[in-house]
>>> print(open('structure32.cif').read())   # mmCIF, C-alpha atoms
data_query
#
loop_
_atom_site.label_atom_id
_atom_site.label_comp_id
_atom_site.auth_asym_id
_atom_site.auth_seq_id
_atom_site.Cartn_x
_atom_site.Cartn_y
_atom_site.Cartn_z
CA MET J 262 175.76 135.71 117.05
CA THR J 263 172.94 134.31 114.94
CA ASP J 264 175.15 134.58 111.85
CA ALA J 265 172.22 136.21 110.10
CA ASP J 266 174.27 139.42 110.13
CA ALA J 267 176.95 137.64 108.11
CA HIS J 268 174.86 138.58 105.07
CA THR J 269 175.26 142.09 103.75
CA ALA J 270 172.43 144.53 103.33
CA SER J 271 172.68 144.02 99.58
CA ASP J 272 171.69 140.36 99.85
CA ALA J 273 168.28 140.16 98.24
CA LEU J 274 165.49 138.62 100.29
CA GLU J 275 162.58 136.81 98.70
CA PRO J 276 159.11 138.35 99.11
CA PRO J 277 157.25 137.50 102.32
CA LEU J 278 154.95 134.49 102.42
CA ASP J 279 151.44 135.63 103.30
CA ASP J 280 149.48 132.40 103.55
CA GLU J 281 149.82 128.63 103.70
CA ALA J 282 149.33 128.21 99.96
CA ALA J 283 152.37 130.40 99.32
CA LEU J 284 154.33 128.60 102.02
CA GLU J 285 153.48 125.16 100.67
CA ALA J 286 154.40 126.23 97.15
CA ARG J 287 157.79 127.51 98.34
CA LEU J 288 158.51 124.33 100.29
CA ALA J 289 157.72 122.21 97.23
CA ARG J 290 159.76 124.21 94.68
CA PRO J 291 162.59 122.03 93.33
CA GLY J 292 165.98 123.39 92.39
CA ALA J 293 167.95 122.34 89.31
CA ALA J 294 170.32 120.10 91.29
CA LEU J 295 167.43 118.09 92.76
CA VAL J 296 165.82 117.68 89.35
CA ALA J 297 169.12 116.42 87.93
CA ASP J 298 169.81 114.02 90.82
CA LEU J 299 166.33 112.47 90.76
CA ALA J 300 166.64 112.05 87.01
CA ARG J 301 169.73 109.87 87.68
CA THR J 302 167.73 107.45 89.80
CA GLU J 303 165.28 104.93 88.43
CA GLY J 304 161.96 103.63 89.64
CA ASP J 305 159.09 104.78 91.80
CA LEU J 306 159.43 106.47 95.18
CA LEU J 307 157.72 105.28 98.37
CA ILE J 308 157.54 107.65 101.35
CA LEU J 309 156.79 105.90 104.63
CA GLY J 310 155.34 108.22 107.27
CA VAL J 311 154.30 110.87 104.75
CA GLY J 312 151.69 112.36 107.08
CA GLY J 313 154.11 114.02 109.52
CA LYS J 314 155.40 117.59 109.66
CA MET J 315 157.86 117.18 106.79
CA GLY J 316 156.29 114.38 104.77
CA PRO J 317 153.64 116.19 102.72
CA SER J 318 156.04 118.86 101.47
CA LEU J 319 158.67 116.21 100.68
CA ALA J 320 156.14 114.26 98.62
CA LEU J 321 155.07 117.37 96.72
CA LEU J 322 158.70 118.39 96.18
CA ALA J 323 159.48 114.95 94.78
CA ARG J 324 156.45 115.03 92.47
CA ASN J 325 157.38 118.47 91.16
CA ALA J 326 161.02 117.49 90.66
CA LEU J 327 160.16 114.32 88.74
CA ASP J 328 157.74 116.24 86.55
CA ALA J 329 160.43 118.82 85.85
CA ALA J 330 162.84 116.00 84.99
CA GLY J 331 160.44 114.65 82.39
CA ALA J 332 159.76 111.60 84.55
CA SER J 333 156.06 112.07 85.18
CA ARG J 334 155.39 108.35 84.78
CA ARG J 335 157.44 107.58 87.88
CA LYS J 336 155.15 107.33 90.86
CA VAL J 337 155.44 109.09 94.20
CA ILE J 338 153.54 107.04 96.77
CA GLY J 339 152.90 108.27 100.30
CA VAL J 340 151.97 105.94 103.16
CA ALA J 341 150.56 107.06 106.50
CA ARG J 342 147.54 106.69 108.74
CA PHE J 343 146.40 110.14 107.51
CA SER J 344 144.87 111.16 110.81
CA GLU J 345 145.07 114.88 109.95
CA PRO J 346 142.11 115.96 107.81
CA GLY J 347 142.85 117.15 104.31
CA VAL J 348 146.43 115.92 103.97
CA ARG J 349 145.62 112.86 101.88
CA GLU J 350 143.31 114.80 99.59
CA ARG J 351 145.87 117.54 99.03
CA LEU J 352 148.56 115.02 98.09
CA GLU J 353 146.32 113.15 95.68
CA GLN J 354 145.21 116.37 93.99
CA ALA J 355 148.89 117.10 93.32
CA GLY J 356 149.52 113.71 91.73
CA VAL J 357 150.91 111.83 94.75
CA GLU J 358 149.40 108.39 95.19
CA THR J 359 148.46 107.54 98.77
CA ILE J 360 147.97 104.42 100.85
CA ALA J 361 146.37 104.58 104.28
CA ALA J 362 148.04 102.07 106.59
CA ASP J 363 149.24 101.50 110.13
CA LEU J 364 152.77 100.29 109.41
CA LEU J 365 152.90 98.33 112.67
CA ALA J 366 149.78 96.34 111.78
CA PRO J 367 150.26 92.69 110.73
CA GLY J 368 150.66 92.38 106.97
CA ALA J 369 150.77 96.15 106.35
CA LEU J 370 154.30 96.21 104.91
CA GLU J 371 153.73 93.12 102.82
CA ARG J 372 150.77 94.78 101.10
CA LEU J 373 152.81 97.79 100.01
CA PRO J 374 154.12 97.93 96.42
CA ASP J 375 157.64 96.95 95.46
CA VAL J 376 159.71 100.04 94.62
CA ARG J 377 163.31 101.03 93.89
CA ASN J 378 163.40 104.06 96.21
CA VAL J 379 162.24 104.48 99.82
CA VAL J 380 162.30 107.54 102.06
CA TYR J 381 161.70 106.45 105.65
CA MET J 382 160.07 109.15 107.79
CA ALA J 383 158.02 107.05 110.21
CA ALA J 384 159.02 108.07 113.74
CA ARG J 385 157.80 108.98 117.20
CA LYS J 386 159.32 111.65 119.46
CA PHE J 387 156.89 113.70 121.50
CA GLY J 388 154.93 111.63 123.97
CA SER J 389 157.80 109.16 124.23
CA THR J 390 158.12 109.70 127.98
CA GLY J 391 155.40 107.60 129.55
CA ASP J 392 154.90 105.34 126.52
CA GLU J 393 158.42 104.14 125.85
CA PRO J 394 157.39 100.72 124.44
CA LEU J 395 155.48 102.32 121.55
CA THR J 396 158.41 104.65 120.91
CA TRP J 397 160.77 101.69 120.58
CA ALA J 398 158.31 99.83 118.37
CA MET J 399 157.97 102.79 116.01
CA ASN J 400 161.56 103.94 116.02
CA THR J 401 163.45 100.66 116.09
CA TYR J 402 161.35 97.52 115.49
CA LEU J 403 159.57 99.03 112.47
CA ALA J 404 162.87 100.13 110.95
CA GLY J 405 164.13 96.54 111.00
CA ARG J 406 160.97 95.28 109.35
CA VAL J 407 161.16 97.95 106.64
CA ALA J 408 164.84 97.15 106.04
CA GLU J 409 163.93 93.51 105.42
CA ARG J 410 160.86 94.31 103.30
CA TYR J 411 162.83 96.68 101.04
CA ALA J 412 166.20 94.95 101.07
CA THR J 413 166.65 95.50 97.32
CA ALA J 414 165.70 99.21 97.32
CA ARG J 415 167.62 102.38 98.04
CA ILE J 416 166.62 103.60 101.50
CA VAL J 417 167.12 107.15 102.75
CA ALA J 418 166.10 107.10 106.40
CA PHE J 419 165.58 110.13 108.60
CA SER J 420 167.45 109.88 111.88
CA SER J 421 168.21 112.64 114.37
CA GLY J 422 171.13 114.56 115.79
CA ASN J 423 169.81 113.35 119.15
CA VAL J 424 171.95 110.24 118.69
CA TYR J 425 174.91 112.45 119.68
CA PRO J 426 175.69 113.50 123.24
CA LEU J 427 175.73 117.12 124.35
CA THR J 428 179.13 118.46 123.30
CA PRO J 429 181.16 121.60 124.08
CA VAL J 430 179.86 124.52 122.06
CA ALA J 431 183.42 125.52 121.22
CA GLN J 432 183.84 122.17 119.44
CA GLY J 433 181.42 123.30 116.75
CA GLY J 434 179.10 120.31 116.72
CA SER J 435 179.34 116.55 116.39
CA VAL J 436 180.59 114.95 113.19
CA GLU J 437 179.50 111.66 111.67
CA ASP J 438 182.53 109.73 112.93
CA ASP J 439 181.95 110.70 116.57
CA VAL J 440 180.84 107.95 118.94
CA PRO J 441 177.08 108.26 119.57
CA GLY J 442 175.91 109.06 123.07
CA PRO J 443 172.11 109.33 123.03
CA VAL J 444 170.51 110.95 126.08
CA GLY J 445 167.14 109.46 127.03
CA GLU J 446 165.02 106.68 125.58
CA TYR J 447 163.82 108.61 122.55
CA ALA J 448 167.38 109.22 121.40
CA GLN J 449 168.37 105.65 122.27
CA SER J 450 165.52 104.31 120.15
CA VAL J 451 166.63 106.48 117.21
CA LEU J 452 170.13 105.05 117.47
CA GLY J 453 168.44 101.65 117.51
CA ARG J 454 166.74 102.60 114.22
CA GLU J 455 170.12 103.38 112.70
CA ARG J 456 171.62 100.12 113.96
CA LEU J 457 168.80 98.08 112.43
CA PHE J 458 169.17 99.78 109.05
CA GLN J 459 172.95 99.30 109.28
CA HIS J 460 172.59 95.63 110.17
CA PHE J 461 170.28 94.77 107.29
CA SER J 462 172.23 96.94 104.87
CA ALA J 463 175.36 94.94 105.67
CA LEU J 464 173.42 91.67 105.51
CA HIS J 465 171.62 92.30 102.21
CA GLY J 466 173.81 94.91 100.55
CA THR J 467 171.00 97.47 100.74
CA PRO J 468 172.29 100.93 99.75
CA GLY J 469 171.22 103.76 101.99
CA VAL J 470 171.85 107.01 103.83
CA LEU J 471 170.93 107.86 107.44
CA LEU J 472 170.10 111.55 107.83
CA ARG J 473 170.92 112.93 111.28
CA LEU J 474 168.72 116.02 111.24
CA ASN J 475 168.83 119.04 113.59
CA TYR J 476 166.40 121.01 113.22
CA ALA J 477 164.05 121.48 110.27
CA ALA J 478 162.28 124.85 110.25
CA GLU J 479 159.44 126.46 108.38
CA LEU J 480 156.90 129.11 109.38
CA ARG J 481 154.38 127.01 111.30
CA TYR J 482 156.85 125.22 113.56
CA GLY J 483 160.53 124.96 114.41
CA VAL J 484 163.10 126.52 116.70
CA LEU J 485 162.90 129.91 115.00
CA VAL J 486 159.13 129.99 115.38
CA ASP J 487 159.33 128.84 119.01
CA VAL J 488 161.68 131.68 119.89
CA ALA J 489 159.95 134.32 117.77
CA ARG J 490 156.50 133.62 119.20
CA LYS J 491 157.79 133.84 122.76
CA VAL J 492 159.49 137.13 122.01
CA PHE J 493 156.40 138.52 120.28
CA ALA J 494 154.21 137.49 123.23
CA GLY J 495 156.61 138.99 125.77
CA ALA J 496 157.33 135.58 127.30
CA PRO J 497 160.81 134.69 128.58
CA VAL J 498 163.08 132.60 126.34
CA SER J 499 165.00 129.68 127.81
CA VAL J 500 168.72 129.77 127.06
CA SER J 501 169.64 126.61 128.97
CA MET J 502 170.35 125.03 125.56
CA GLY J 503 172.29 128.05 124.49
CA HIS J 504 173.05 127.15 120.88
CA VAL J 505 171.20 125.34 118.09
CA ASN J 506 171.39 124.46 114.40
CA VAL J 507 168.49 124.86 111.96
CA ILE J 508 167.80 124.29 108.27
CA TRP J 509 164.87 125.32 106.10
CA GLN J 510 162.54 122.35 105.75
CA GLY J 511 162.57 122.61 101.97
CA ASP J 512 166.36 122.36 101.96
CA ALA J 513 166.29 119.37 104.34
CA ASN J 514 163.80 117.59 102.08
CA THR J 515 165.90 118.46 99.03
CA VAL J 516 168.94 116.77 100.55
CA ALA J 517 166.86 113.72 101.47
CA LEU J 518 165.70 113.31 97.89
CA ARG J 519 169.10 114.05 96.35
CA ALA J 520 170.65 111.47 98.67
CA LEU J 521 168.76 108.72 96.83
CA ALA J 522 171.35 109.06 94.06
CA ASP J 523 174.17 108.69 96.60
CA CYS J 524 173.01 105.64 98.57
CA GLU J 525 175.80 103.22 99.44
CA ALA J 526 176.12 99.83 101.08
CA PRO J 527 176.66 99.60 103.92
CA THR J 528 174.42 102.55 104.73
CA ARG J 529 176.13 105.53 106.37
CA PRO J 530 175.13 108.52 108.51
CA LEU J 531 175.10 112.08 107.22
CA ASN J 532 174.54 115.15 109.38
CA LEU J 533 171.82 117.39 107.97
CA THR J 534 171.51 120.98 109.17
CA GLY J 535 172.45 124.54 108.30
CA PRO J 536 175.99 125.94 108.48
CA GLU J 537 175.41 128.30 111.42
CA LEU J 538 175.95 127.72 115.11
CA ILE J 539 173.14 129.91 116.44
CA SER J 540 173.11 131.59 119.83
CA VAL J 541 169.57 131.37 121.24
CA ARG J 542 170.13 134.56 123.24
CA ALA J 543 171.23 136.49 120.15
CA LEU J 544 168.39 134.98 118.14
CA ALA J 545 165.83 136.23 120.68
CA ARG J 546 167.38 139.69 120.69
CA ASP J 547 167.39 139.84 116.89
CA PHE J 548 163.72 138.89 116.79
CA ALA J 549 162.88 141.54 119.39
CA ALA J 550 164.66 144.17 117.31
CA ALA J 551 162.83 143.05 114.17
CA PHE J 552 159.49 143.26 115.99
CA GLY J 553 160.40 146.67 117.43
CA LEU J 554 160.14 145.29 120.96
CA PRO J 555 162.36 145.75 124.04
CA ALA J 556 165.08 143.20 124.73
CA PRO J 557 163.38 139.95 125.74
CA ALA J 558 163.61 138.31 129.15
CA MET J 559 165.79 135.21 129.36
CA GLU J 560 165.41 132.13 131.54
CA GLY J 561 168.41 130.16 132.77
CA THR J 562 172.06 130.35 131.84
CA GLU J 563 173.83 128.97 128.81
CA ALA J 564 175.49 125.65 129.53
CA PRO J 565 178.93 125.03 128.04
CA THR J 566 177.50 122.09 126.08
CA ALA J 567 174.67 121.76 123.55
CA LEU J 568 173.15 119.36 121.02
CA LEU J 569 174.85 120.45 117.82
CA ASN J 570 175.58 118.97 114.41
CA ASN J 571 178.51 119.79 112.16
CA ALA J 572 177.15 119.40 108.63
CA ALA J 573 180.38 120.14 106.76
CA ARG J 574 180.26 116.80 104.91
CA CYS J 575 176.70 117.44 103.73
CA LEU J 576 177.52 121.00 102.70
CA ARG J 577 180.50 119.84 100.64
CA ARG J 578 178.32 117.37 98.74
CA TYR J 579 175.09 119.32 98.34
CA GLY J 580 176.16 122.92 98.76
CA PRO J 581 174.76 125.53 101.14
CA PRO J 582 171.03 125.71 101.82
CA GLU J 583 169.11 127.73 99.27
CA VAL J 584 167.19 129.52 102.04
CA SER J 585 169.51 131.38 104.41
CA LEU J 586 169.06 131.94 108.12
CA ARG J 587 168.51 135.63 107.43
CA GLN J 588 165.75 134.77 104.96
CA MET J 589 164.09 132.36 107.38
CA MET J 590 164.11 134.94 110.15
CA ALA J 591 162.56 137.59 107.89
CA TRP J 592 159.82 135.20 106.83
CA VAL J 593 159.15 134.16 110.44
CA VAL J 594 158.89 137.77 111.63
CA HIS J 595 156.34 138.54 108.91
CA TRP J 596 154.39 135.34 109.58
CA VAL J 597 154.16 135.89 113.32
CA ARG J 598 153.16 139.52 112.88
CA LEU J 599 150.29 138.68 110.53
CA GLY J 600 149.05 135.91 112.84
CA GLY J 601 149.98 133.00 110.58
CA ARG J 602 148.93 129.54 111.70
CA SER J 603 151.05 127.56 114.12
CA LEU J 604 151.10 123.76 114.26
CA ALA J 605 151.32 124.12 118.06
CA ARG J 606 154.11 121.53 118.17
CA PRO J 607 157.01 123.05 120.12
CA THR J 608 160.38 121.57 119.22
CA LYS J 609 161.42 121.41 122.90
CA PHE J 610 164.91 122.30 121.72
CA GLU J 611 165.73 123.47 125.25
CA VAL J 612 165.35 119.96 126.72
CA ARG J 613 168.70 118.67 128.01
CA ASP J 614 167.67 115.41 129.71
CA GLY J 615 166.24 113.65 126.65
CA ARG J 616 162.69 113.48 128.04
CA PHE J 617 160.21 114.47 125.34
#
>>> encode(input="structure32.cif", output="structure tokens")
Amino acid sequence: MTDADAHTASDALEPPLDDEAALEARLARPGAALVADLARTEGDLLILGVGGKMGPSLALLARNALDAAGASRRKVIGVARFSEPGVRERLEQAGVETIAADLLAPGALERLPDVRNVVYMAARKFGSTGDEPLTWAMNTYLAGRVAERYATARIVAFSSGNVYPLTPVAQGGSVEDDVPGPVGEYAQSVLGRERLFQHFSALHGTPGVLLRLNYAAELRYGVLVDVARKVFAGAPVSVSMGHVNVIWQGDANTVALRALADCEAPTRPLNLTGPELISVRALARDFAAAFGLPAPAMEGTEAPTALLNNAARCLRRYGPPEVSLRQMMAWVVHWVRLGGRSLARPTKFEVRDGRF
């Protein structure tokens, strides 16, 4: 079951998104709860690693929410190397201040402004195998340096559900109190990131939240797009990782920003994903039906274990995602049909040995 059929036919779907401008606008649309929670915080916001897949839309979402809260004087500052053309210009046009910096470079952190709020998004996953030292430097060493530099700020840091081991599907996903069991050096380095933030939070009393995310999705990348594009192309779909969790990227970014108002010392983990436990096989079949295609070919056999998060704690605090699985699937089908752009960054959700 994908759980998309849990919604009745009367559930209204939003109109399709026909281009990247419409997609970006939807990702950056703040809800009333986000506006209220950001209004309860004080000070400027610094986003470290703003140039990644989620960073630009998070920065724009924060800017829009602060403006809606009547807090236009509070700055949103994005820091990245800005290697992708156009990202920096787009952020600045929307009122986000930017700083180009290599955060690992000597003196880079010291030159950044003092702020009350930090969202930490700097990370490295793909390409980790074969260049493990850089992965550890980005994912662990840098986190410790940031924790010291911003010891008096609130820090919401993105982590990953990869810190958990593969668990029985019937268990329903790992919870925050489970003992971590990272598989592979990427996942180990992410747990190292958490441990460094935890250490300095305990040492300095720095309030924070560690967001264990599995998996953010939009229309240019994500598990849903990976599966849908394979189905549409007639390629086989791997079901070796037979079940996954996903959450709309806009909802994941909303939780990250709302969590600034809930930071505590010592910092604590929080699972961040959607409520569904999604069968990859059923997902592929549902996409094939939506495309009007024959049942897709499958590769492999479902294992009894998978990398899954149980986000019940997050859902109790922040409520269900605004964008449902059914809505995401409808948008993805439309996007793939019309030939919408792909970021060409597969999630590699099917990887079971931790080698990315």
>>> axis_aligned_box(input="structure32.cif", around="stretch 392-406 of chain J", padding_each_side="8 Å", output="JSON")
{"center_x": 159.5, "center_y": 100.3, "center_z": 117.9, "size_x": 25.2, "size_y": 26.1, "size_z": 33.2}
>>> resolve_selection(input="structure32.cif", expression="the PyMOL selection byres ((chain J and resi 422) around 12)", output="JSON, numbers by chain")
{"J": [419, 420, 421, 423, 424, 425, 426, 427, 428, 434, 435, 436, 437, 439, 441, 442, 443, 444, 447, 448, 449, 451, 452, 455, 471, 472, 473, 474, 475, 476, 477, 505, 506, 507, 530, 531, 532, 533, 534, 567, 568, 569, 570, 571, 572, 610, 615]}
>>> write_last_selection(input="structure32.cif", atoms="C-alpha atoms", output="CSV table (one decimal), in the coordinates of the input")
chain,number,residue,atom,x,y,z
J,419,PHE,CA,165.6,110.1,108.6
J,420,SER,CA,167.4,109.9,111.9
J,421,SER,CA,168.2,112.6,114.4
J,423,ASN,CA,169.8,113.4,119.2
J,424,VAL,CA,172.0,110.2,118.7
J,425,TYR,CA,174.9,112.4,119.7
J,426,PRO,CA,175.7,113.5,123.2
J,427,LEU,CA,175.7,117.1,124.4
J,428,THR,CA,179.1,118.5,123.3
J,434,GLY,CA,179.1,120.3,116.7
J,435,SER,CA,179.3,116.6,116.4
J,436,VAL,CA,180.6,115.0,113.2
J,437,GLU,CA,179.5,111.7,111.7
J,439,ASP,CA,182.0,110.7,116.6
J,441,PRO,CA,177.1,108.3,119.6
J,442,GLY,CA,175.9,109.1,123.1
J,443,PRO,CA,172.1,109.3,123.0
J,444,VAL,CA,170.5,111.0,126.1
J,447,TYR,CA,163.8,108.6,122.6
J,448,ALA,CA,167.4,109.2,121.4
J,449,GLN,CA,168.4,105.6,122.3
J,451,VAL,CA,166.6,106.5,117.2
J,452,LEU,CA,170.1,105.0,117.5
J,455,GLU,CA,170.1,103.4,112.7
J,471,LEU,CA,170.9,107.9,107.4
J,472,LEU,CA,170.1,111.6,107.8
J,473,ARG,CA,170.9,112.9,111.3
J,474,LEU,CA,168.7,116.0,111.2
J,475,ASN,CA,168.8,119.0,113.6
J,476,TYR,CA,166.4,121.0,113.2
J,477,ALA,CA,164.0,121.5,110.3
J,505,VAL,CA,171.2,125.3,118.1
J,506,ASN,CA,171.4,124.5,114.4
J,507,VAL,CA,168.5,124.9,112.0
J,530,PRO,CA,175.1,108.5,108.5
J,531,LEU,CA,175.1,112.1,107.2
J,532,ASN,CA,174.5,115.2,109.4
J,533,LEU,CA,171.8,117.4,108.0
J,534,THR,CA,171.5,121.0,109.2
J,567,ALA,CA,174.7,121.8,123.6
J,568,LEU,CA,173.2,119.4,121.0
J,569,LEU,CA,174.8,120.4,117.8
J,570,ASN,CA,175.6,119.0,114.4
J,571,ASN,CA,178.5,119.8,112.2
J,572,ALA,CA,177.2,119.4,108.6
J,610,PHE,CA,164.9,122.3,121.7
J,615,GLY,CA,166.2,113.6,126.6
>>> resolve_selection(input="structure32.cif", expression="the PyMOL selection byres ((chain J and resi 281) around 12)", output="ChimeraX atom specification")
/J:277-280,282-288,318,479-481,596,600-604
>>> atom_distance(input="structure32.cif", atom1="atom CA of J:Val612", atom2="atom CA of J:Val484")
12.2 Å
>>> residues_around(input="structure32.cif", residues="J:Ala293", least_positions_apart="6", cutoff="12 Å", atoms="only C-alpha atoms", output="list of chain:residue names")
J:Leu299, J:Ala300, J:Asn325, J:Ala326, J:Leu327, J:Ala329, J:Ala330, J:Thr515, J:Arg519, J:Tyr579, J:Glu583
>>> resolve_selection(input="structure32.cif", expression="the PyMOL selection byres ((chain J and resi 364-375) around 9)", output="short mmCIF file (atom, residue, chain, number, x, y, z; two decimals) with C-alpha atoms, keeping the file's coordinate frame")
data_model
loop_
_atom_site.label_atom_id
_atom_site.label_comp_id
_atom_site.auth_asym_id
_atom_site.auth_seq_id
_atom_site.Cartn_x
_atom_site.Cartn_y
_atom_site.Cartn_z
CA ASP J 305 159.09 104.78 91.80
CA LEU J 307 157.72 105.28 98.37
CA LEU J 309 156.79 105.90 104.63
CA GLY J 310 155.34 108.22 107.27
CA VAL J 340 151.97 105.94 103.16
CA ALA J 341 150.56 107.06 106.50
CA ARG J 342 147.54 106.69 108.74
CA ILE J 360 147.97 104.42 100.85
CA ALA J 362 148.04 102.07 106.59
CA ASP J 363 149.24 101.50 110.13
CA VAL J 376 159.71 100.04 94.62
CA ARG J 377 163.31 101.03 93.89
CA ALA J 383 158.02 107.05 110.21
CA ALA J 398 158.31 99.83 118.37
CA MET J 399 157.97 102.79 116.01
CA TYR J 402 161.35 97.52 115.49
CA LEU J 403 159.57 99.03 112.47
CA ARG J 406 160.97 95.28 109.35
CA VAL J 407 161.16 97.95 106.64
CA ARG J 410 160.86 94.31 103.30
CA TYR J 411 162.83 96.68 101.04
CA ALA J 414 165.70 99.21 97.32
#
>>> closest_residue(input="structure32.cif", among="J:Ala320, J:Ala384, J:Ala520, J:Met502", to="J:Thr396", atoms="only C-alpha atoms")
J:Ala384
>>> closest_residue(input="structure32.cif", among="J:Val357, J:Ala294, J:Leu544, J:Ala573", to="J:Val311", atoms="all atoms listed in the file")
J:Val357
>>> atom_distance(input="structure32.cif", atom1="atom CA of J:Gly511", atom2="atom CA of J:Thr413")
27.8 Å
>>> residues_around(input="structure32.cif", residues="J:Glu560", least_positions_apart="4", cutoff="9 Å", atoms="all atoms listed in the file", output="ChimeraX atom specification")
/J:497-501
>>> atom_distance(input="structure32.cif", atom1="atom CA of J:Lys386", atom2="atom CA of J:Phe617")
6.6 Å
>>> closest_residue(input="structure32.cif", among="J:Gly339, J:Gly433, J:Gly312, J:Gly495", to="J:Pro555", atoms="all atoms listed in the file")
J:Gly495
>>> residues_around(input="structure32.cif", residues="J:Ala526", least_positions_apart="4", cutoff="6 Å", atoms="all atoms listed in the file", output="compact mmCIF listing (two decimals) with C-alpha atoms, keeping the file's coordinate frame")
# COMPACT_ATOMS: atom_id res chain seq x y z
CA GLY J 466 173.81 94.91 100.55
CA THR J 467 171.00 97.47 100.74
CA PRO J 468 172.29 100.93 99.75
>>> closest_residue(input="structure32.cif", among="J:Lys491, J:Arg606, J:Arg529, J:Arg616", to="J:Met559", atoms="only C-alpha atoms")
J:Lys491
>>> closest_residue(input="structure32.cif", among="J:Ser333, J:Ala289, J:Asn378, J:Gln510", to="J:Ile308", atoms="only C-alpha atoms")
J:Asn378
>>> residues_around(input="structure32.cif", residues="J:Ser344", least_positions_apart="5", cutoff="10 Å", atoms="only C-alpha atoms", output="PDB file with C-alpha atoms, in the frame of the given file")
ATOM      1  CA  GLY J 312     151.690 112.360 107.080  1.00  0.00           C
ATOM      2  CA  GLY J 313     154.110 114.020 109.520  1.00  0.00           C
ATOM      3  CA  ARG J 349     145.620 112.860 101.880  1.00  0.00           C
ATOM      4  CA  ALA J 361     146.370 104.580 104.280  1.00  0.00           C
TER       5      ALA J 361
END
>>> closest_residue(input="structure32.cif", among="J:Ala558, J:Val597, J:Met589, J:Val470", to="J:Pro276", atoms="all atoms listed in the file")
J:Met589
>>> decode(input="structure32.cif", residues="stretch 391-405 of chain J", atoms="N, CA and C atoms", output="PDB file, in the first residue's frame")
ATOM      1  N   GLY J 391      34.983   6.623  -1.499  1.00  0.00           N
ATOM      2  CA  GLY J 391      36.150   6.997  -2.276  1.00  0.00           C
ATOM      3  C   GLY J 391      36.781   8.287  -1.811  1.00  0.00           C
ATOM      4  N   ASP J 392      36.047   9.106  -1.070  1.00  0.00           N
ATOM      5  CA  ASP J 392      36.609  10.340  -0.507  1.00  0.00           C
ATOM      6  C   ASP J 392      36.068  10.516   0.904  1.00  0.00           C
ATOM      7  N   GLU J 393      36.251   9.472   1.693  1.00  0.00           N
ATOM      8  CA  GLU J 393      35.722   9.464   3.059  1.00  0.00           C
ATOM      9  C   GLU J 393      36.286  10.582   3.939  1.00  0.00           C
ATOM     10  N   PRO J 394      37.575  10.948   3.819  1.00  0.00           N
ATOM     11  CA  PRO J 394      38.081  12.031   4.680  1.00  0.00           C
ATOM     12  C   PRO J 394      37.318  13.347   4.526  1.00  0.00           C
ATOM     13  N   LEU J 395      36.999  13.725   3.272  1.00  0.00           N
ATOM     14  CA  LEU J 395      36.244  14.960   3.071  1.00  0.00           C
ATOM     15  C   LEU J 395      34.839  14.835   3.659  1.00  0.00           C
ATOM     16  N   THR J 396      34.245  13.660   3.521  1.00  0.00           N
ATOM     17  CA  THR J 396      32.919  13.431   4.097  1.00  0.00           C
ATOM     18  C   THR J 396      32.937  13.649   5.602  1.00  0.00           C
ATOM     19  N   TRP J 397      33.935  13.104   6.274  1.00  0.00           N
ATOM     20  CA  TRP J 397      34.034  13.294   7.726  1.00  0.00           C
ATOM     21  C   TRP J 397      34.316  14.749   8.083  1.00  0.00           C
ATOM     22  N   ALA J 398      35.125  15.423   7.285  1.00  0.00           N
ATOM     23  CA  ALA J 398      35.405  16.832   7.553  1.00  0.00           C
ATOM     24  C   ALA J 398      34.136  17.668   7.441  1.00  0.00           C
ATOM     25  N   MET J 399      33.358  17.423   6.387  1.00  0.00           N
ATOM     26  CA  MET J 399      32.131  18.197   6.186  1.00  0.00           C
ATOM     27  C   MET J 399      31.049  17.833   7.194  1.00  0.00           C
ATOM     28  N   ASN J 400      30.893  16.552   7.445  1.00  0.00           N
ATOM     29  CA  ASN J 400      29.748  16.105   8.236  1.00  0.00           C
ATOM     30  C   ASN J 400      29.982  16.121   9.734  1.00  0.00           C
ATOM     31  N   THR J 401      31.232  16.083  10.158  1.00  0.00           N
ATOM     32  CA  THR J 401      31.506  15.956  11.586  1.00  0.00           C
ATOM     33  C   THR J 401      32.375  17.100  12.107  1.00  0.00           C
ATOM     34  N   TYR J 402      33.566  17.255  11.555  1.00  0.00           N
ATOM     35  CA  TYR J 402      34.482  18.309  12.008  1.00  0.00           C
ATOM     36  C   TYR J 402      33.842  19.686  11.912  1.00  0.00           C
ATOM     37  N   LEU J 403      33.222  19.987  10.762  1.00  0.00           N
ATOM     38  CA  LEU J 403      32.607  21.302  10.577  1.00  0.00           C
ATOM     39  C   LEU J 403      31.492  21.535  11.582  1.00  0.00           C
ATOM     40  N   ALA J 404      30.719  20.494  11.874  1.00  0.00           N
ATOM     41  CA  ALA J 404      29.632  20.646  12.847  1.00  0.00           C
ATOM     42  C   ALA J 404      30.171  21.090  14.211  1.00  0.00           C
ATOM     43  N   GLY J 405      31.282  20.503  14.645  1.00  0.00           N
ATOM     44  CA  GLY J 405      31.876  20.901  15.911  1.00  0.00           C
ATOM     45  C   GLY J 405      32.316  22.349  15.908  1.00  0.00           C
TER      46      GLY J 405
END
